[in-house]
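Next up, target27.txt (compact mmCIF, C-alpha atoms and all ligand atoms):
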```txt
# COMPACT_ATOMS: atom_id res chain seq x y z
CA MET A 188 -3.25 4.17 -7.27
CA THR A 189 0.06 4.70 -9.06
CA MET A 190 2.52 2.04 -7.90
CA MET A 191 5.32 3.55 -5.81
CA ILE A 192 8.62 2.82 -7.50
CA ALA A 193 11.20 1.80 -4.91
CA GLY A 194 13.31 4.77 -3.91
CA THR A 195 10.93 7.46 -5.15
CA ALA A 196 9.97 9.95 -2.47
CA SER A 197 6.45 10.64 -3.69
CA VAL A 198 3.99 10.19 -6.55
CA THR A 199 1.25 12.55 -7.73
CA GLU A 200 -1.94 10.52 -8.24
CA GLN A 201 -3.92 11.21 -11.40
CA THR A 202 -6.78 8.82 -10.55
CA CYS A 203 -8.92 8.09 -7.48
CA ARG A 204 -7.35 6.00 -4.69
CA SER A 205 -10.56 4.07 -4.23
CA CYS A 206 -12.37 3.59 -7.54
CA GLY A 207 -9.53 4.44 -9.94
CA GLY A 208 -11.77 7.02 -11.64
CA PRO A 209 -10.17 9.91 -13.58
CA HIS A 210 -12.67 12.60 -12.59
CA MET A 211 -10.78 14.26 -9.74
CA ASP A 212 -11.60 17.84 -8.78
CA THR A 213 -8.92 19.61 -6.67
CA PHE A 214 -10.65 22.07 -4.29
CA LEU A 215 -7.89 22.94 -1.80
CA LYS A 216 -4.18 23.70 -2.30
CA LEU A 217 -2.11 24.05 0.89
CA GLY A 218 1.25 24.43 -0.85
CA ARG A 219 4.36 22.31 -0.34
CA THR A 220 4.68 21.34 3.32
CA PRO A 221 7.12 19.27 5.44
CA LEU A 222 6.02 15.86 6.77
CA ALA A 223 3.86 16.52 9.82
CA ASP A 224 5.33 13.80 12.04
CA ARG A 225 8.97 14.05 11.02
CA LEU A 226 10.26 16.14 13.90
CA THR A 227 13.69 17.68 13.40
CA THR A 228 16.54 17.13 15.86
CA ASP A 229 19.73 18.94 16.81
CA ALA A 230 21.52 16.49 14.50
CA ASN A 231 19.51 17.34 11.37
CA ARG A 232 18.35 20.90 12.05
CA GLY A 233 20.87 22.24 9.57
CA GLU A 234 19.56 20.06 6.74
CA ALA A 235 16.80 21.07 4.33
CA GLU A 236 13.56 19.22 5.13
CA PRO A 237 11.75 17.39 2.34
CA VAL A 238 8.51 19.16 1.42
CA PHE A 239 5.70 17.79 -0.74
CA PRO A 240 2.56 19.24 -2.36
CA LEU A 241 -0.51 19.10 -0.10
CA ASN A 242 -3.57 19.35 -2.38
CA VAL A 243 -7.04 17.90 -1.78
CA ALA A 244 -9.36 16.56 -4.48
CA PHE A 245 -12.92 15.16 -4.72
CA CYS A 246 -13.63 12.09 -6.86
CA GLN A 247 -16.74 12.68 -8.97
CA ASP A 248 -17.18 8.92 -9.43
CA CYS A 249 -17.18 7.60 -5.84
CA SER A 250 -17.22 10.81 -3.70
CA LEU A 251 -13.88 10.08 -2.01
CA VAL A 252 -12.02 13.17 -0.74
CA GLN A 253 -8.29 12.57 -0.90
CA ILE A 254 -4.89 14.23 -1.15
CA THR A 255 -3.21 13.88 -4.52
CA GLU A 256 0.38 13.27 -3.39
CA THR A 257 1.42 9.84 -2.10
CA VAL A 258 4.61 10.07 -0.05
CA ASN A 259 6.59 6.84 0.19
CA PRO A 260 5.35 5.09 3.40
CA ARG A 261 8.92 4.14 4.21
CA ILE A 262 9.60 7.88 4.52
CA LEU A 263 6.32 8.71 6.27
CA PHE A 264 6.41 5.95 8.88
CA ALA A 265 10.14 5.62 9.27
CA ASP A 266 11.50 4.25 12.53
CA ALA A 267 11.52 7.75 14.01
CA TYR A 268 7.71 7.85 13.80
CA PRO A 269 6.92 9.59 17.12
CA TYR A 270 3.19 8.99 17.58
CA TYR A 271 2.32 6.95 20.69
CA SER A 272 -1.40 6.60 21.40
CA SER A 273 -0.96 6.14 25.14
CA PHE A 274 -0.07 9.77 25.77
CA SER A 275 -3.74 10.69 25.68
CA GLN A 276 -5.94 9.60 28.60
CA ALA A 277 -9.07 10.44 26.61
CA LEU A 278 -7.97 8.10 23.82
CA LEU A 279 -7.16 5.31 26.30
CA GLU A 280 -10.61 5.57 27.89
CA HIS A 281 -12.29 5.79 24.48
CA SER A 282 -10.51 2.61 23.35
CA ARG A 283 -11.28 0.68 26.55
CA GLU A 284 -15.00 1.44 26.21
CA ASN A 285 -14.89 0.19 22.61
CA VAL A 286 -13.26 -3.10 23.63
CA LEU A 287 -15.55 -3.82 26.60
CA ASP A 288 -18.59 -3.12 24.40
CA LEU A 289 -17.34 -5.54 21.73
CA ILE A 290 -16.46 -8.31 24.21
CA GLU A 291 -20.04 -8.18 25.39
CA ARG A 292 -21.91 -7.69 22.10
CA ARG A 293 -19.85 -10.32 20.24
CA GLY A 294 -19.57 -12.75 23.19
CA LEU A 295 -15.77 -12.92 22.84
CA THR A 296 -13.95 -15.55 24.90
CA GLY A 297 -10.56 -17.22 25.20
CA ASP A 298 -11.44 -19.08 21.98
CA SER A 299 -11.79 -15.81 20.06
CA PHE A 300 -9.03 -14.03 18.18
CA VAL A 301 -8.66 -10.25 17.75
CA ILE A 302 -6.27 -8.47 15.41
CA GLU A 303 -5.53 -4.74 15.39
CA LEU A 304 -4.01 -3.12 12.31
CA ALA A 305 -1.80 -0.13 13.23
CA SER A 306 -1.91 -1.26 16.84
CA ASN A 307 0.70 1.33 17.90
CA ASP A 308 1.87 0.81 21.52
CA GLY A 309 -0.80 -1.69 22.55
CA TYR A 310 -3.09 1.06 23.85
CA LEU A 311 -6.23 -0.84 22.72
CA LEU A 312 -5.28 -4.54 22.54
CA LYS A 313 -4.06 -4.51 26.16
CA ASN A 314 -7.73 -4.47 27.20
CA TYR A 315 -8.29 -7.83 25.44
CA VAL A 316 -5.09 -9.25 26.97
CA GLU A 317 -6.44 -8.32 30.42
CA ALA A 318 -9.62 -10.28 29.54
CA ASP A 319 -7.54 -13.32 28.41
CA ILE A 320 -8.68 -12.96 24.80
CA PRO A 321 -5.93 -13.84 22.25
CA VAL A 322 -4.72 -10.90 20.16
CA LEU A 323 -2.22 -9.92 17.50
CA GLY A 324 -1.04 -6.39 16.84
CA ILE A 325 0.42 -5.31 13.50
CA ASP A 326 2.26 -1.98 13.17
CA PRO A 327 5.17 -0.66 11.04
CA ALA A 328 6.71 1.70 13.61
CA ASP A 329 9.40 0.02 15.66
CA GLY A 330 9.19 2.32 18.71
CA PRO A 331 5.49 1.71 19.43
CA VAL A 332 5.84 -2.02 18.55
CA ALA A 333 8.62 -2.43 21.11
CA ALA A 334 6.44 -0.62 23.68
CA ALA A 335 3.49 -2.93 22.92
CA ASN A 336 5.49 -6.16 23.26
CA LYS A 337 6.98 -4.82 26.49
CA ILE A 338 3.50 -4.65 28.08
CA GLY A 339 2.59 -8.14 26.85
CA VAL A 340 0.67 -7.30 23.68
CA PRO A 341 2.05 -9.62 20.96
CA THR A 342 2.77 -7.32 18.05
CA ASP A 343 4.44 -7.88 14.67
CA LEU A 344 6.55 -5.12 13.12
CA ALA A 345 5.00 -4.93 9.65
CA PHE A 346 2.89 -2.93 7.27
CA PHE A 347 -0.51 -4.61 6.87
CA THR A 348 -0.82 -5.69 3.22
CA LEU A 349 -2.93 -8.09 1.21
CA GLU A 350 0.06 -10.45 1.16
CA LEU A 351 0.36 -10.44 4.95
CA ALA A 352 -3.39 -11.04 5.23
CA GLU A 353 -3.12 -14.07 2.92
CA LYS A 354 -0.20 -15.46 4.96
CA LEU A 355 -2.12 -15.14 8.25
CA ARG A 356 -5.23 -16.68 6.66
CA GLU A 357 -3.16 -19.66 5.43
CA GLN A 358 -1.87 -20.06 9.00
CA GLY A 359 -5.52 -20.33 10.10
CA ARG A 360 -5.37 -17.00 11.94
CA GLN A 361 -8.59 -15.38 10.71
CA ALA A 362 -10.10 -12.99 13.22
CA ASP A 363 -13.44 -12.64 14.98
CA VAL A 364 -12.75 -8.92 15.34
CA ILE A 365 -10.35 -6.71 13.38
CA HIS A 366 -9.68 -3.22 14.72
CA ALA A 367 -8.23 -0.54 12.49
CA ASN A 368 -8.21 2.92 14.08
CA ASN A 369 -6.90 5.92 12.17
CA VAL A 370 -5.13 3.76 9.61
CA LEU A 371 -7.58 3.25 6.71
CA ALA A 372 -6.99 6.87 5.72
CA HIS A 373 -3.22 6.36 5.93
CA VAL A 374 -2.57 3.47 3.57
CA ALA A 375 -1.37 4.08 0.02
CA ASP A 376 -3.00 0.88 -1.22
CA THR A 377 -6.56 1.54 -0.01
CA ASN A 378 -8.10 -1.33 -1.97
CA GLY A 379 -5.34 -3.78 -0.97
CA PHE A 380 -5.89 -2.91 2.67
CA VAL A 381 -9.66 -3.45 2.49
CA ALA A 382 -9.23 -6.66 0.51
CA GLY A 383 -6.79 -7.80 3.21
CA VAL A 384 -9.38 -7.10 5.91
CA ALA A 385 -11.97 -9.09 3.94
CA GLY A 386 -9.57 -12.04 3.65
CA LEU A 387 -8.55 -11.99 7.30
CA LEU A 388 -12.05 -11.69 8.76
CA LYS A 389 -14.00 -14.83 9.73
CA ASP A 390 -17.31 -15.16 7.84
CA ASP A 391 -19.22 -14.08 10.96
CA GLY A 392 -16.56 -11.62 12.09
CA VAL A 393 -16.67 -7.82 12.29
CA ALA A 394 -14.14 -5.19 11.36
CA VAL A 395 -14.41 -2.18 13.68
CA ILE A 396 -12.75 0.75 11.97
CA GLU A 397 -12.37 4.34 13.21
CA ALA A 398 -11.61 7.18 10.83
CA PRO A 399 -11.97 10.97 10.89
CA TYR A 400 -15.25 12.02 9.24
CA VAL A 401 -15.07 14.51 6.38
CA GLU A 402 -18.29 16.39 7.29
CA PRO A 403 -16.98 18.00 10.55
CA MET A 404 -13.63 18.62 8.88
CA ILE A 405 -15.38 20.79 6.28
CA ASP A 406 -18.07 22.26 8.55
CA HIS A 407 -15.63 23.14 11.39
CA CYS A 408 -12.76 24.09 9.08
CA GLU A 409 -10.48 21.44 10.58
CA PHE A 410 -8.06 21.85 7.66
CA ASP A 411 -5.07 21.23 9.95
CA THR A 412 -6.07 17.54 10.06
CA ILE A 413 -4.90 17.43 6.45
CA TYR A 414 -1.34 16.15 6.17
CA HIS A 415 0.57 13.63 4.04
CA GLU A 416 -0.13 10.72 6.43
CA HIS A 417 -3.86 11.22 5.87
CA LEU A 418 -4.44 10.19 2.28
CA CYS A 419 -8.26 9.93 2.46
CA TYR A 420 -11.01 11.96 4.16
CA PHE A 421 -14.02 9.72 4.31
CA SER A 422 -17.72 10.27 3.85
CA VAL A 423 -20.10 7.35 4.49
CA THR A 424 -20.96 7.48 0.78
CA ALA A 425 -17.32 6.95 -0.21
CA LEU A 426 -16.82 4.26 2.45
CA ASP A 427 -19.90 2.34 1.33
CA ASN A 428 -18.54 2.31 -2.24
CA LEU A 429 -15.12 1.18 -1.04
CA PHE A 430 -16.31 -1.71 1.17
CA ARG A 431 -18.89 -3.08 -1.30
CA ARG A 432 -16.11 -3.34 -3.89
CA HIS A 433 -14.55 -6.03 -1.66
CA GLY A 434 -17.66 -7.95 -0.60
CA LEU A 435 -17.90 -6.12 2.71
CA TYR A 436 -20.91 -4.24 4.04
CA LEU A 437 -20.96 -1.12 6.18
CA ASN A 438 -23.79 -2.22 8.48
CA GLU A 439 -23.53 0.25 11.35
CA ILE A 440 -21.81 3.52 12.23
CA LYS A 441 -21.32 5.44 15.45
CA HIS A 442 -20.44 9.13 15.57
CA LEU A 443 -17.46 9.91 17.82
CA SER A 444 -16.13 13.25 19.04
CA ILE A 445 -12.51 12.02 19.13
CA HIS A 446 -10.01 13.71 16.79
CA GLY A 447 -12.40 16.50 15.89
CA GLY A 448 -15.19 14.19 14.74
CA SER A 449 -14.75 10.57 13.68
CA LEU A 450 -16.85 7.59 12.69
CA ARG A 451 -16.70 4.10 14.15
CA LEU A 452 -17.58 1.70 11.32
CA TYR A 453 -18.90 -1.83 11.81
CA VAL A 454 -18.12 -3.78 8.64
CA GLU A 455 -19.15 -7.39 7.99
CA LYS A 456 -19.35 -10.00 5.23
CA LEU A 457 -23.10 -10.26 5.76
CA GLU A 458 -25.28 -7.48 4.30
CA ARG A 459 -27.50 -6.18 7.10
CA VAL A 460 -27.32 -2.42 6.68
CA GLY A 461 -28.88 -0.66 9.68
CA ALA A 462 -30.64 2.69 10.01
CA SER A 463 -27.48 4.43 11.29
CA VAL A 464 -25.93 3.89 7.85
CA SER A 465 -28.98 4.40 5.64
CA ASN A 466 -29.90 7.58 7.51
CA GLN A 467 -26.37 8.98 7.16
CA LEU A 468 -26.28 8.16 3.44
CA ALA A 469 -29.57 10.05 3.02
CA HIS A 470 -28.23 12.91 5.15
CA GLU A 471 -25.08 13.15 3.00
CA LYS A 472 -27.17 13.13 -0.16
CA SER A 473 -29.37 15.92 1.16
CA ARG A 474 -26.33 18.02 2.18
CA GLY A 475 -24.52 17.27 -1.07
CA LEU A 476 -21.41 15.50 0.28
CA ASP A 477 -21.58 13.41 -2.89
CA ALA A 478 -20.98 16.46 -5.10
CA VAL A 479 -17.96 18.78 -5.37
CA GLU A 480 -20.08 21.92 -4.77
CA TYR A 481 -20.22 21.08 -1.04
CA TYR A 482 -16.42 21.40 -0.88
CA ARG A 483 -16.03 24.40 -3.18
CA ASP A 484 -15.86 27.20 -0.58
CA PHE A 485 -13.63 25.30 1.86
CA SER A 486 -10.49 26.91 0.43
CA ALA A 487 -11.80 30.42 1.09
CA LYS A 488 -12.80 29.42 4.66
CA VAL A 489 -9.29 28.05 5.26
CA ASP A 490 -7.67 31.22 3.93
CA GLN A 491 -9.86 33.36 6.20
CA LEU A 492 -9.00 31.24 9.27
CA LYS A 493 -5.28 31.60 8.55
CA VAL A 494 -5.62 35.39 8.18
CA ASP A 495 -7.66 35.67 11.39
CA LEU A 496 -5.23 33.48 13.38
CA ARG A 497 -2.14 35.33 12.16
CA SER A 498 -3.66 38.74 12.92
CA LEU A 499 -4.75 37.63 16.42
CA LEU A 500 -1.28 36.30 17.24
CA HIS A 501 0.51 39.31 15.78
CA ARG A 502 -1.80 41.68 17.69
CA LEU A 503 -1.01 39.90 20.96
CA LYS A 504 2.72 39.98 20.18
CA ALA A 505 2.52 43.71 19.31
CA ASP A 506 0.95 44.24 22.73
CA GLY A 507 4.06 42.63 24.26
CA ALA A 508 2.49 39.25 25.06
CA THR A 509 4.45 35.99 25.16
CA ILE A 510 2.95 32.96 23.40
CA ALA A 511 3.73 29.23 23.51
CA ALA A 512 1.85 26.24 22.07
CA TYR A 513 0.50 22.93 23.42
CA GLY A 514 0.68 19.68 21.43
CA ALA A 515 3.46 18.76 18.98
CA ALA A 516 0.64 17.21 16.98
CA ALA A 517 0.77 16.37 13.28
CA LYS A 518 -2.17 18.76 12.83
CA GLY A 519 -0.10 21.40 14.59
CA ALA A 520 2.60 21.06 11.94
CA THR A 521 0.05 21.66 9.17
CA LEU A 522 -1.36 24.69 10.99
CA ILE A 523 1.92 26.48 11.70
CA ASN A 524 3.44 25.71 8.31
CA THR A 525 0.44 26.63 6.15
CA ALA A 526 -0.35 29.73 8.24
CA GLY A 527 3.30 30.80 8.52
CA ILE A 528 3.43 30.82 12.33
CA GLY A 529 7.08 30.56 13.38
CA GLY A 530 9.47 31.02 16.24
CA ASP A 531 8.99 34.78 16.04
CA VAL A 532 5.49 34.20 17.44
CA LEU A 533 5.70 30.89 19.38
CA ASP A 534 8.54 30.63 21.91
CA PHE A 535 8.17 26.85 22.30
CA VAL A 536 5.71 23.96 22.04
CA VAL A 537 5.01 21.56 24.93
CA ASP A 538 4.04 17.91 24.63
CA ARG A 539 3.71 15.00 27.09
CA ASN A 540 5.14 12.55 24.60
CA THR A 541 8.70 12.06 25.82
CA HIS A 542 9.72 10.86 22.35
CA LYS A 543 8.90 14.36 21.00
CA GLN A 544 10.52 16.40 23.76
CA GLY A 545 13.91 17.86 22.88
CA LYS A 546 13.07 17.81 19.16
CA TYR A 547 11.66 20.58 16.95
CA MET A 548 8.39 21.10 15.06
CA PRO A 549 8.64 20.25 11.35
CA GLY A 550 9.32 23.24 9.10
CA GLN A 551 9.23 26.02 11.71
CA ARG A 552 11.68 24.18 13.97
CA ILE A 553 10.13 25.48 17.18
CA PRO A 554 11.57 23.60 20.21
CA ILE A 555 9.38 20.96 21.90
CA ARG A 556 9.53 20.85 25.69
CA PRO A 557 7.76 18.96 28.52
CA PRO A 558 4.45 20.52 29.69
CA GLU A 559 6.19 21.67 32.89
CA ALA A 560 7.82 24.41 30.78
CA LEU A 561 4.46 26.25 30.84
CA LEU A 562 4.75 26.82 34.58
CA ASP A 563 8.44 27.66 34.36
CA ALA A 564 7.97 30.30 31.64
CA GLN A 565 4.28 31.18 32.29
CA PRO A 566 3.66 32.58 28.79
CA ASP A 567 0.66 34.91 28.55
CA TYR A 568 -1.04 32.67 25.97
CA VAL A 569 -0.89 29.05 24.80
CA LEU A 570 -2.01 28.18 21.26
CA VAL A 571 -3.61 24.74 21.56
CA LEU A 572 -2.40 22.82 18.50
CA ALA A 573 -3.96 19.61 19.91
CA TRP A 574 -7.37 21.32 20.13
CA ASN A 575 -9.12 17.97 19.84
CA PHE A 576 -8.03 17.34 23.43
CA ILE A 577 -8.82 20.85 24.70
CA ASP A 578 -10.84 19.68 27.73
CA GLU A 579 -8.13 17.25 28.88
CA ILE A 580 -5.40 19.85 28.35
CA VAL A 581 -7.17 22.77 30.07
CA ALA A 582 -8.02 20.54 33.05
CA GLN A 583 -4.43 19.33 33.22
CA GLN A 584 -3.03 22.88 33.04
CA SER A 585 -5.29 24.35 35.74
CA GLN A 586 -2.32 25.88 37.59
CA TYR A 587 -1.09 27.68 34.46
CA ARG A 588 -4.63 28.99 34.01
CA ALA A 589 -5.00 29.93 37.69
CA ARG A 590 -1.94 32.12 37.30
CA GLY A 591 -3.70 34.04 34.54
CA GLY A 592 -2.57 32.03 31.53
CA LYS A 593 -5.00 31.94 28.59
CA PHE A 594 -5.56 29.42 25.80
CA ILE A 595 -6.06 30.16 22.11
CA VAL A 596 -8.13 27.61 20.17
CA PRO A 597 -7.51 27.89 16.40
CA VAL A 598 -10.52 26.06 14.88
CA PRO A 599 -13.27 26.50 13.78
CA THR A 600 -12.48 30.18 14.41
CA PRO A 601 -9.44 31.48 16.34
CA ARG A 602 -10.54 32.49 19.85
CA ILE A 603 -9.16 33.06 23.35
CA VAL A 604 -10.71 30.79 26.05
O1 LIG B 1 -4.11 9.89 12.40
C1 LIG B 1 -3.46 10.31 13.34
C2 LIG B 1 -4.12 11.05 14.44
C3 LIG B 1 -5.37 10.33 14.81
O2 LIG B 1 -3.27 11.11 15.55
C4 LIG B 1 -2.02 10.11 13.36
N1 LIG B 1 -1.59 10.37 12.01
C5 LIG B 1 -1.21 10.98 14.27
C6 LIG B 1 -2.02 11.67 15.25
O3 LIG B 1 -2.26 12.96 14.77
P1 LIG B 1 -1.95 14.15 15.76
O4 LIG B 1 -0.49 14.08 16.15
O5 LIG B 1 -2.49 15.43 15.21
O6 LIG B 1 -2.83 13.62 16.94
P2 LIG B 1 -3.09 14.01 18.36
O7 LIG B 1 -3.33 12.74 19.08
O8 LIG B 1 -4.16 15.01 18.37
O9 LIG B 1 -1.77 14.68 18.96
C7 LIG B 1 -1.88 15.10 20.28
C8 LIG B 1 -0.49 15.49 20.74
O10 LIG B 1 -0.64 16.13 22.00
C9 LIG B 1 0.35 14.24 20.95
O11 LIG B 1 1.69 14.51 20.61
C10 LIG B 1 0.22 14.00 22.45
C11 LIG B 1 0.06 15.39 23.00
N2 LIG B 1 -0.73 15.48 24.22
C12 LIG B 1 -0.11 16.04 25.33
O12 LIG B 1 1.05 16.42 25.27
N3 LIG B 1 -0.83 16.16 26.49
C13 LIG B 1 -2.02 15.07 24.23
C14 LIG B 1 -2.76 15.20 25.40
C15 LIG B 1 -4.18 14.75 25.48
C16 LIG B 1 -2.13 15.76 26.58
O13 LIG B 1 -2.74 15.88 27.66
ZN ZN B 2 -13.29 7.44 -6.71
```
Using structure tokens, write down the structure from this file.
Ligand code: DWN
Ligand code: ZN
Amino acid sequence: MTMMIAGTASVTEQTCRSCGGPHMDTFLKLGRTPLADRLTTDANRGEAEPVFPLNVAFCQDCSLVQITETVNPRILFADAYPYYSSFSQALLEHSRENVLDLIERRGLTGDSFVIELASNDGYLLKNYVEADIPVLGIDPADGPVAAANKIGVPTDLAFFTLELAEKLREQGRQADVIHANNVLAHVADTNGFVAGVAGLLKDDGVAVIEAPYVEPMIDHCEFDTIYHEHLCYFSVTALDNLFRRHGLYLNEIKHLSIHGGSLRLYVEKLERVGASVSNQLAHEKSRGLDAVEYYRDFSAKVDQLKVDLRSLLHRLKADGATIAAYGAAAKGATLINTAGIGGDVLDFVVDRNTHKQGKYMPGQRIPIRPPEALLDAQPDYVLVLAWNFIDEIVAQQSQYRARGGKFIVPVPTPRIV
């Protein structure tokens, strides 16, 4: 990892984020795109938005799939960072199940201590607080941190670094459980983060880490989940290499449907690798996820999806249809900006997150409104940008649907449902 010089906006990496190897093979180029979570406002709509290259490479030495541009985290996760986990019921339920399972299988009590890295608005740790188990949240975004402390989840406003881990360890605050959901892929200093986890974990502790899994991303053409916040796209092979480098062992994995296909990783200081890991490593070897050939035709699949989506939308528009979108999601920003879908096609985007309403989608600057706007305007079609929550959204918008509204799902192939 090239060290970010203070004040630089971004750095193009020449070597692998994990192993430092030089044998990087770029297999997808998405152009220069705006930052997926930096929504524009009436105040800054007139200003040019920063755009950065969005290219994806495969490391021949450790199999890590990664983007090659590192945008300064202070720009990426600035105080206007709008992502609040609690706006998704499915995610809340998913997190609660995870916590209750861990309390039981690890026998956690009031003498235990749980830390979550990138704890956002307390969406997960609140379940431990309800069970009187001491917690600490760590997150760099001030909005979600304020929301977490407001509901009684003690949370520090900070980026998790090796230095912070050392400080907590010196204070005797090592953890029985460390959660890190959708953050391992986000940190510029991948090795520092993992080393920090190793230092902060008790010898018999477990780190429970969730991250999107690269196999469904490739197989289901979920290219819109590629944006500058997501630096890495993990295979179990690449994760195993990364953890072992820091004296940690990936002992168990669970496959999750959340976010288009994720893995829940159970990482410990003791080596007791279970069948779920060894079987997946063998599976990846047999499918070739440890070689660049597996990724080679992804670019052509992405190009075809963009062509198919644009022609579907333009055909509907030519027939006089009105179209809106659901979910001011980061993935939605990648989709509309790389496929060139603008305000000439989408009249507006709706989102339940009140911090996003009244702002505009990055790049295309399409207005973001509350979901109620769907019933007010009753567009003929709604492009579901947050397709990973399609079931929750369709159920929630039953009245829009009952009135004849239809949904368009963009991946793995654009289709009307
Ligand atoms: O890594 C990340 C992933 C896991 O989550 C973060 N970098 C940011 C975020 O990415 P995203 O914005 O693509 O994630 P979501 O959670 O798929 O975004 C869903 C959007 O849809 C949110 O803005 C909330 C909104 N939503 C809604 O308005 N009504 C979601 C649901 C379920 C709803 O019913
Ligand atoms: Zn590597």
At a cut-off of 6 Å, using only C-alpha atoms, what residues contact A:Ala367? Leave out same-chain residues fewer than 5 positions from it and give the result as number ranges by chain. A: 303-304, 396
Set the distance at 10 Å and use all atoms listed in the file: which residues neighbour A:Leu388 once local chain neighbours fewer than 2 positions away are removed? I'd like the list as an NGL selection string. :A and (301-302 or 352 or 356 or 360-365 or 383-386 or 390-394 or 454-456)
To check your reading of the model: which residues sit at most 7 Å from ligand ZN 2 (chain B) when counting only C-alpha atoms and all ligand atoms? Write the answer as a PyMOL selection string. chain A and resi 203-208+246-251
Dump the neighbourhood of ligand LIG 1 (chain B) as a PyMOL selection string: all residues within 6 Å, distances computed on all atoms listed in the file. chain A and resi 270+274-275+369+416+514-518+538-540+573+575-576+579-580
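Atom CA of A:Val537 is positioned 12.9 Å from atom CA of A:Tyr587.
Minimum atom-to-atom distance to A:Cys408, evaluated using only C-alpha atoms, belongs to A:Asp484 out of A:Asp531, A:Glu291, A:Asp484, A:Asp326.
Taking atom CA of A:Val532 as the reference point, atom CA of A:Leu500 is found at 7.1 Å.
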Mind checking which residues fall within 7 Å of stretch 210-218 of chain A, counting all atoms listed in the file, ignoring those fewer than 5 positions away in the same chain, and posting them as a list in words? Thr202, Cys203, Pro240, Leu241, Asn242, Val243, Ala244, Phe245, Cys246, Gln247, Asp248, Tyr482, Arg483, Ser486 and Thr525 of chain A
Give me the box for stretch 550-561 of chain A as JSON, namely the centre and edge lengths in Å to one decimal of a box along x, y and z that holds every listed atom plus 3 Å on each side.
```
{"center_x": 8.1, "center_y": 22.6, "center_z": 21.0, "size_x": 13.2, "size_y": 13.3, "size_z": 29.8}
```
Which residue out of A:Asp427, A:Val322, A:Ala223, A:Pro599 has the minimum interatomic distance to A:Gly519 when all atoms listed in the file are used? A:Ala223
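Picture a line from atom CA of A:Asn524 to atom CA of A:Gly550; it runs 6.4 Å.
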List as a CSV table (one decimal) with C-alpha atoms, in the coordinates of the input: which residues have an atom within 8 Å of (12.7, 18.5, 4.1), counting all atoms listed in the file?
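And here's out35.csv as it stands now:
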```csv
chain,number,residue,atom,x,y,z
A,221,PRO,CA,7.1,19.3,5.4
A,222,LEU,CA,6.0,15.9,6.8
A,234,GLU,CA,19.6,20.1,6.7
A,235,ALA,CA,16.8,21.1,4.3
A,236,GLU,CA,13.6,19.2,5.1
A,237,PRO,CA,11.8,17.4,2.3
A,238,VAL,CA,8.5,19.2,1.4
A,550,GLY,CA,9.3,23.2,9.1
```
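Nearest to A:Ala520 of all the residues A:Tyr481, A:Tyr420, A:Tyr414, A:Tyr436 is A:Tyr414, based on all atoms listed in the file.
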Which is closest to A:Pro549 among A:Asn307, A:Gly529, A:Leu562, A:Glu200, if we use all atoms listed in the file? A:Gly529
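Those residues that approach A:Gly330 to within 10 Å, counting only C-alpha atoms, are Asp266, Ala267, Tyr268, Pro269, Tyr270, Tyr271, Asn307, Asp308, Asp326, Ala334, Ala335, Leu344 and His542 of chain A; same-chain residues fewer than 4 positions away are not listed.
Here the question is which of A:His373, A:Lys593, A:Arg293, A:Lys493 gets nearest to A:Ala526 using only C-alpha atoms, and that residue is A:Lys493.
Nearest to A:Asp411 of all the residues A:Leu278, A:Leu522, A:Val596, A:Leu355 is A:Leu522, based on only C-alpha atoms.
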Which residues come within 9 Å of A:Leu443, counting only C-alpha atoms, excluding same-chain residues fewer than 5 positions away, as a PyMOL selection string? chain A and resi 397+399+448-451
